[in-house]
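Engineer: Please find one structure pasted underneath; my questions will follow.
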Amino acid sequence: MENKSKPQVRMLPSEHYAKLDAYIDSFHIDPHDDRRKDVLIQVLHKAQDIFGYLPEELQVYIAGRFSISPAEVSGVVSFYNLFTTTPRGKVRINVCMGTACYVNGAEKVLEAFERKLGIKSGEVTEDGKFSIESLRCLGACGLAPVVTINDKVYGQVQVEKIESILEHYLTETGNEETSDGKN
Amino acid sequence: MERINSYPALTETFKKFEPLLDSRVHTGIREGVKRMILVCGGTGCHASDSEHLLANFSALIAEKGLEDIVAVSNTGCFGFCAKGPIVKVFPDDVFYVQVKPEDAVDIINLHIIANQVVEHLLYEEPVSKQKIKTLHEIPFYRNQKRIALRNCGMINPEKIEEYIASGGYLALGRALTEMTPEAVIEEMKRSGLRGRGGAGFSTGKKWEFGRSYPSDEKFVICNADEGDPGAFMDRSILEGDSHSILEGMALAGYAIGAHQGYIYVRAEYPLAVKRLENAIQQARSYGLLGRNILGTEFHFDVDIRLGAGAFVCGEETALINSIQGERGEPHTKPPFPAQSGLWGKPTVVNNVETLANVPIILLKGADWFNSIGTGTSKGTKVFALAGQINNVGLVEVPMGTTLREIIYDTGGGIKGGLEFKAAQTGGPSGGCIPSQYLDTPIDYESLNAIGSMMGSGGLIVMSEKDCMVNIAKFYLEFIVDESCGRCVPCRIGTKRLHEILTAITEGRSTDADLVELDELANVIKDTALCGLGQSAPNPVLSTIKYFSDEYRAHIQEKHCPSGVCKSLVQYEILVEKCIGCTACANNCPVGCISGVVKKPHSIDQSRCIRCGVCYSKCKFKAIVKH
């Protein structure tokens, strides 16, 4: 039954697969163990860390490693907000939309980023540099409104500050090589 | 590190480590006591560069050869996040706020070397402008009683030695050697501790149910999926006192007869995950987790499982599905997890704050704990104070404290001296409490009685600047996003609620909508499958109940009294006040403001996106919002 609709052609980089394999191997998954799926979410987090997103090819592969159907993996991937099946930008902008940030003007901050970059929340700029998302509460409510860019946290972000925050990334990413290794 | 193989050996270890905290427990400057600089390492302060500050301290101490007279360490959240990064110097007990990495030089040169307090880093009382030296004198801390947060801002969470020095694991040692599991359960029941995750079920009773179902295998789960937006007390405990959670879980395991525990934690809390992993490793190497704990027959180990961004996973049956690697959808209860939980085995699910209370209750006794609080709600509650309030942060107060005390005494009142409008407790499942209930003593029952709930402890304060219809819409948007889709009332009902609220905020509604809103909200409340769905309409119901005038203004007058709802707001330039400085036109993102320098400007309403930038940029109050 499984995997018959898609031929197993690997388009994603093999060095990423090697990394993922090493991680999955560490769990010694027993295909007959009813409880083997308890590390599935962990593995998906790791896979997304390595590949940047969880496209179908990868989901099918992970399903194979767990000896479960790709539909089960897809069901889990589509359920949780942190998993994405499309690549995000190299600069990932996350605007916190938790209540504390919201009442302190997070919506305006989000709109200002959207206007500035010409994309909507959930989208990626055409050159793949920037993506914007909103997320639910980082628990840094003392700094509301909060924005994270990649792993850096910016607190008390005002609409007027956005330009200078972005400036830094606009120049920086111009010189950087793409590290997600597609081709 | 050596394994501790018995309870007496643990007591010995405790005595050995106790001096570590000497300067912190017994404050007051005296000869020969080495100073200790504690730097807050919670997420808030961390984001404000406290790591850099810590590194600067270490470098300065090494450079100046001060190792014999001072040490520096990381600690957990002090709670006063609005004033972070926070630094505390012991035994002087001096509390510094908003310390930047470059301020390390002043603290070392002035305070440590020259014995002078660094005035400009002290907290300034906003009204009297007086500088305050110690934490206990600051109004924010005056009414607090820190039980669950007892070690946050006191010990280094990355060192098990300091947790043991604070009396950590002694409760476990005593329980394993001197108490039967039944006696542990009895003590918990007598203490009156109730679940701090929101519902408030008796912890002792829950453990009793867990114990009563015979099984070859049982589990303890720590619910650290703090999904309520605006709540961060669990995060602070996980980061600042990870070992108390492990000890609480081991005690729960002993009480119900489980040998394995899981901590289900949000992936959004990477620092908490790191600290927990570190704590688990340390506890294992000391023999405080794993096989034959403290040389007894009791085995218990803990593993971490990560969430992946789903609010519904805070519901215990959904959480269990998620640990099993499934979609995090809830199921109907009964069976309750205590009977059939993880992998179909009896499972006790306790919240982080609940577990943090467990060791100290067993150490100090049920009578100590139940002497604090109100008739039905014992102990303290941690609240995450946020929103339009001066002192944003974590506060822990005895049950029965009034909202007014929390907001005005501890919280320092409303930002910018504005008028209080409502306090929202319980997150998307709770309700908005209007000013006439400010004097309600906070406990589980009284909050339910006024249409809100304790929830996990998020407390968002709203002022006259906030539109309550818009807030209800905000929560509904959250619920629509987070509804797992399993049952119809929640999946479709909340979507319809959101649509009606959107129409109201956009001026496309009639009086009939208000009736429909109320009716639909009640149907969802009665028929949704899980706790999340049943409580989802609470923000709507409570705002309709207490702020119906705001709803009517939106519907009948197409007017948003707080000027928040964009479609109902217009910005206009007052010709008589505009001096033509061009600040508005220069900052307008869509270029819809035109005019000549030194002449009054005007806004092209057809192109205005109502972002409000001009309004905030104008220094002459020449732009009005109506």
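By convention here, the chains of the structure tokens are called A, B, ... in the order presented, each chain's residues are numbered starting at 1, and ligands are numbered starting at 1 in the order presented.
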Give me the residues of chain A that have any atom at most 8 Å from an atom of chain B; for each, the nearest atom pair and the distance in Å, rounded to one decimal. Use only C-alpha atoms, sort by chain and number, and format it as a Markdown table.

Structural biologist:
```
| residue | atom | partner | partner_atom | distance |
| --- | --- | --- | --- | --- |
| A:Arg35 | CA | B:Gln324 | CA | 7.0 |
| A:Lys37 | CA | B:Gly325 | CA | 4.9 |
| A:Asp38 | CA | B:Gln324 | CA | 4.5 |
| A:Val39 | CA | B:Gly325 | CA | 6.6 |
| A:Leu40 | CA | B:Gly325 | CA | 5.5 |
| A:Ile41 | CA | B:Gly325 | CA | 6.0 |
| A:Gln42 | CA | B:Leu306 | CA | 6.5 |
| A:His45 | CA | B:Ala308 | CA | 7.9 |
| A:Glu72 | CA | B:Glu326 | CA | 8.0 |
| A:Gly75 | CA | B:Arg327 | CA | 6.6 |
| A:Val76 | CA | B:Arg327 | CA | 5.1 |
| A:Phe79 | CA | B:Arg327 | CA | 6.0 |
| A:Tyr80 | CA | B:Ala308 | CA | 5.5 |
| A:Asn81 | CA | B:Gly309 | CA | 5.0 |
| A:Leu82 | CA | B:Gly309 | CA | 5.3 |
| A:Phe83 | CA | B:Ala308 | CA | 7.2 |
| A:Gly98 | CA | B:Pro229 | CA | 4.6 |
| A:Thr99 | CA | B:Gly230 | CA | 5.3 |
| A:Ala100 | CA | B:Gly387 | CA | 4.8 |
| A:Cys101 | CA | B:Gly387 | CA | 7.5 |
| A:Val103 | CA | B:Gly387 | CA | 6.1 |
| A:Asn104 | CA | B:Gly387 | CA | 6.7 |
| A:Lys108 | CA | B:Cys611 | CA | 6.9 |
| A:Arg136 | CA | B:Pro229 | CA | 6.1 |
| A:Cys137 | CA | B:Pro229 | CA | 5.0 |
| A:Leu138 | CA | B:Glu268 | CA | 6.3 |
| A:Gly139 | CA | B:Phe232 | CA | 4.8 |
| A:Ala140 | CA | B:Gly44 | CA | 5.0 |
| A:Cys141 | CA | B:Gly230 | CA | 6.2 |
| A:Gly142 | CA | B:Ala82 | CA | 4.9 |
| A:Leu143 | CA | B:Ala82 | CA | 6.8 |
| A:Lys152 | CA | B:Ala47 | CA | 7.7 |
| A:Val153 | CA | B:Ala47 | CA | 5.6 |
| A:Tyr154 | CA | B:Ala47 | CA | 7.2 |
| A:Gly155 | CA | B:Ala47 | CA | 7.5 |
| A:Val159 | CA | B:Val613 | CA | 7.9 |
```

Engineer: Quick one: distance from CA of Gly52 (chain A) to CA of Tyr102 (chain A) in Å, one decimal?

Structural biologist: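 Atom-to-atom, CA of Gly52 (chain A) and CA of Tyr102 (chain A) are spaced 28.1 Å apart.
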
Engineer: Considering only strand (DSSP E) as DSSP defines it on the backbone, what residues of region 3-168 of chain A qualify? List them as JSON, numbers by chain.

Structural biologist: {"A": [91, 92, 93, 94, 95, 96, 130, 131, 132, 133, 134, 135, 147, 148, 149, 152, 153, 154]}

Engineer: Would you put the residues from that selection into a file with C-alpha atoms, as a JSON list (two decimals), in the first residue's frame?

Structural biologist:
```json
[["chain", "number", "residue", "atom", "x", "y", "z"],
["A", 91, "VAL", "CA", 15.30, 35.91, 7.73],
["A", 92, "ARG", "CA", 12.30, 34.66, 9.67],
["A", 93, "ILE", "CA", 10.34, 37.45, 11.30],
["A", 94, "ASN", "CA", 7.95, 36.36, 14.01],
["A", 95, "VAL", "CA", 5.61, 38.86, 15.55],
["A", 96, "CYS", "CA", 4.23, 37.77, 18.89],
["A", 130, "PHE", "CA", 12.23, 37.32, 4.35],
["A", 131, "SER", "CA", 9.22, 35.59, 5.75],
["A", 132, "ILE", "CA", 6.74, 36.93, 8.26],
["A", 133, "GLU", "CA", 4.71, 34.95, 10.71],
["A", 134, "SER", "CA", 2.77, 35.65, 13.83],
["A", 135, "LEU", "CA", 3.11, 33.43, 16.84],
["A", 147, "VAL", "CA", 9.35, 40.37, 17.66],
["A", 148, "THR", "CA", 11.86, 37.63, 17.02],
["A", 149, "ILE", "CA", 14.04, 37.61, 13.95],
["A", 152, "LYS", "CA", 17.14, 37.18, 18.24],
["A", 153, "VAL", "CA", 14.47, 38.72, 20.44],
["A", 154, "TYR", "CA", 13.51, 42.37, 20.03]]
```

Engineer: Quick one: residues within 8 Å of Gly314 (chain B), only C-alpha atoms counted, chain neighbours fewer than 2 positions away excluded, as a PyMOL selection string?

Structural biologist: chain B and resi 223-227+311-312+316+318-319

Engineer: Which residues in region 532-576 of chain B does DSSP call helix (DSSP H, G or I)? List them as a list of chain:residue names.

Structural biologist: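 Here are the helix (DSSP H, G or I) residues of region 532-576 of chain B: B:Leu532, B:Gly533, B:Gln534, B:Ser535, B:Asn538, B:Pro539, B:Val540, B:Leu541, B:Ser542, B:Thr543, B:Ile544, B:Lys545, B:Tyr546, B:Ser548, B:Asp549, B:Glu550, B:Tyr551, B:Arg552, B:Ala553, B:His554, B:Ile555, B:Gln556, B:Lys566, B:Ser567, B:Leu568.
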
Engineer: Using only C-alpha atoms, find the one residue out of A:Arg10, A:His32, A:Lys129, A:His16 that sits nearest to Glu56 (chain A).

Structural biologist: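 The shortest atom-to-atom distance to Glu56 (chain A) comes from A:Arg10.
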